[in-house]
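Step one of this worksheet: look at the structure below.
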Amino acid sequence: MRIKICGLMRKQDVQWCEELGIDVLGFVVDYPRDVPWNLTRKQAQELISSAKRPTCIVTGGTPESVVSLAQELKPTMVQLHFNETVAQTTEIAAELKKLGIQTTKAVHDDAKIEVLCSTGIDAILVDSRTPGNAAQNNLAVDVDLYRRIKAKAHIPLIIAGGITSENVCDIISCTGANWIDVMTGVEHSPGVKDKMKIEALAERVRGV
């Protein structure tokens with residue numbers, strides 16, 4: 001089981017995640033919509049450059065802007081979370097692969113899953129958070145959607161949407177997911193993580 005904690009904005013929160021063995025550290029950077037977790041390139045660089053665990057930047061836009069951002073920040077992976085087309089996703093994945101950077105693509109329905117699996121991306125994120133509701137909190141995970149996508153996909157899947165320490169075991173049990181992405185479920189407030197919530201989540205997941 002892999003855990004990604006997203007929306008990190010503070011050095012203290014990064015350190016907590018590292019101490020607690022979180023697998024991937026997520027940073028929202030230059031996102032095209034106004035969301036409370038958005039970092040500037042400079043802010044993200046300061047956090048990513050000192051990180052001791054794999055990192056992921058969550059962003060979106062044109063291939064040129066995404067690749068430029070990745071070249072500058074050098075994360076382990078890039079999560080495309082906007083309105084990228086299949087063609088744009090293919091182009092971005094190919095360019096990032098040259099840089100040794102993995103690509104994940106967020107989806108919110110089960111259309112074009114087979115096509116997306118052939119774009120060169122490394123994983124699909126099944127997420128309740130869309131460009132239209134990107135600033136909202138406590139969005140519920142869509143278990144049925146995850147199951148439908150799982151039946152079509154032949155690359156790794158990540159599940160996200162309102163996951164907390166209280167519901168994570170049920171979500172894993174009914175989906176069979178082996179990679180979760182958590183943001184608001186371990187926060188005091190947007191961008192301010194809660195160490196006890198992260199610890200409780202990690203303990204529950206490792207006990208599954």
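Ordering of the structure tokens sets the chain letters (A, B, ...), residue numbers begin anew at 1 in every chain, and ligands are numbered from 1 in the order given.
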
Per residue of range 56-160 of chain A within 6 Å of range 28-49 of chain A, which atom pair is closest and at what distance in Å (one decimal), using only C-alpha atoms, listed by chain and increasing number, as a Markdown table?
| residue | atom | partner | partner_atom | distance |
| --- | --- | --- | --- | --- |
| A:Ile57 | CA | A:Val28 | CA | 5.7 |
| A:Val58 | CA | A:Val28 | CA | 4.5 |
| A:Thr59 | CA | A:Tyr31 | CA | 4.8 |
| A:Gly60 | CA | A:Tyr31 | CA | 5.9 |
| A:Leu73 | CA | A:Gln45 | CA | 5.7 |
| A:Ala135 | CA | A:Val35 | CA | 4.8 |

Strand (DSSP E) positions in range 24-194 of chain A, given as a PyMOL selection string: chain A and resi 24-28+55-59+77-80+102-107+123-127+157-160+179-182+187-189+192-193

Keeping only C-alpha atoms, write those residues as a compact mmCIF listing (two decimals), in the first residue's frame.
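Result file is result.txt:
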# COMPACT_ATOMS: atom_id res chain seq x y z
CA VAL A 24 4.91 10.36 -1.82
CA LEU A 25 4.86 14.07 -0.91
CA GLY A 26 2.43 16.10 -3.03
CA PHE A 27 2.64 19.83 -3.83
CA VAL A 28 0.08 21.82 -5.81
CA THR A 55 7.77 14.10 -4.63
CA CYS A 56 4.85 14.88 -6.90
CA ILE A 57 3.73 18.22 -8.29
CA VAL A 58 0.04 18.62 -9.03
CA THR A 59 -0.50 21.04 -11.88
CA MET A 77 6.34 12.58 -10.72
CA VAL A 78 3.86 15.05 -12.17
CA GLN A 79 0.12 14.74 -11.65
CA LEU A 80 -1.93 16.29 -14.45
CA GLN A 102 6.71 9.81 -14.04
CA THR A 103 3.27 11.07 -15.10
CA THR A 104 -0.12 10.46 -13.53
CA LYS A 105 -3.42 11.73 -14.92
CA ALA A 106 -6.48 12.56 -12.83
CA VAL A 107 -9.83 11.36 -14.18
CA ALA A 123 -0.81 5.75 -13.30
CA ILE A 124 -4.38 7.05 -13.27
CA LEU A 125 -5.75 9.01 -10.32
CA VAL A 126 -9.46 8.40 -9.76
CA ASP A 127 -10.47 11.59 -8.00
CA LEU A 157 -4.67 3.27 -10.14
CA ILE A 158 -4.67 5.77 -7.29
CA ILE A 159 -7.85 6.62 -5.39
CA ALA A 160 -8.66 10.03 -3.85
CA TRP A 179 -2.46 3.47 -3.56
CA ILE A 180 -4.35 6.31 -1.84
CA ASP A 181 -4.04 10.07 -2.21
CA VAL A 182 -5.11 12.17 0.80
CA GLU A 187 -5.68 18.83 7.66
CA HIS A 188 -6.51 21.35 10.38
CA SER A 189 -7.32 23.84 7.61
CA VAL A 192 -2.08 23.11 7.42
CA LYS A 193 -1.62 19.42 8.13

Within range 25-204 of chain A, find each residue whose DSSP state, derived from the backbone, is alpha helix (DSSP H), and express the selection as a VMD selection string. chain A and resid 41 to 49 63 to 73 86 to 98 113 to 116 143 to 152 168 to 175 195 to 204

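The space separating CA of Glu95 in chain A from CA of Val66 in chain A comes to 9.8 Å.
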
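We find CA of Asp170 in chain A and CA of Arg10 in chain A to be spaced 29.7 Å apart.
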
Considering only C-alpha atoms, can you say which of A:Ala70, A:Val186, A:Ser65, A:Gly207 comes closest to Ser173 in chain A? A:Gly207
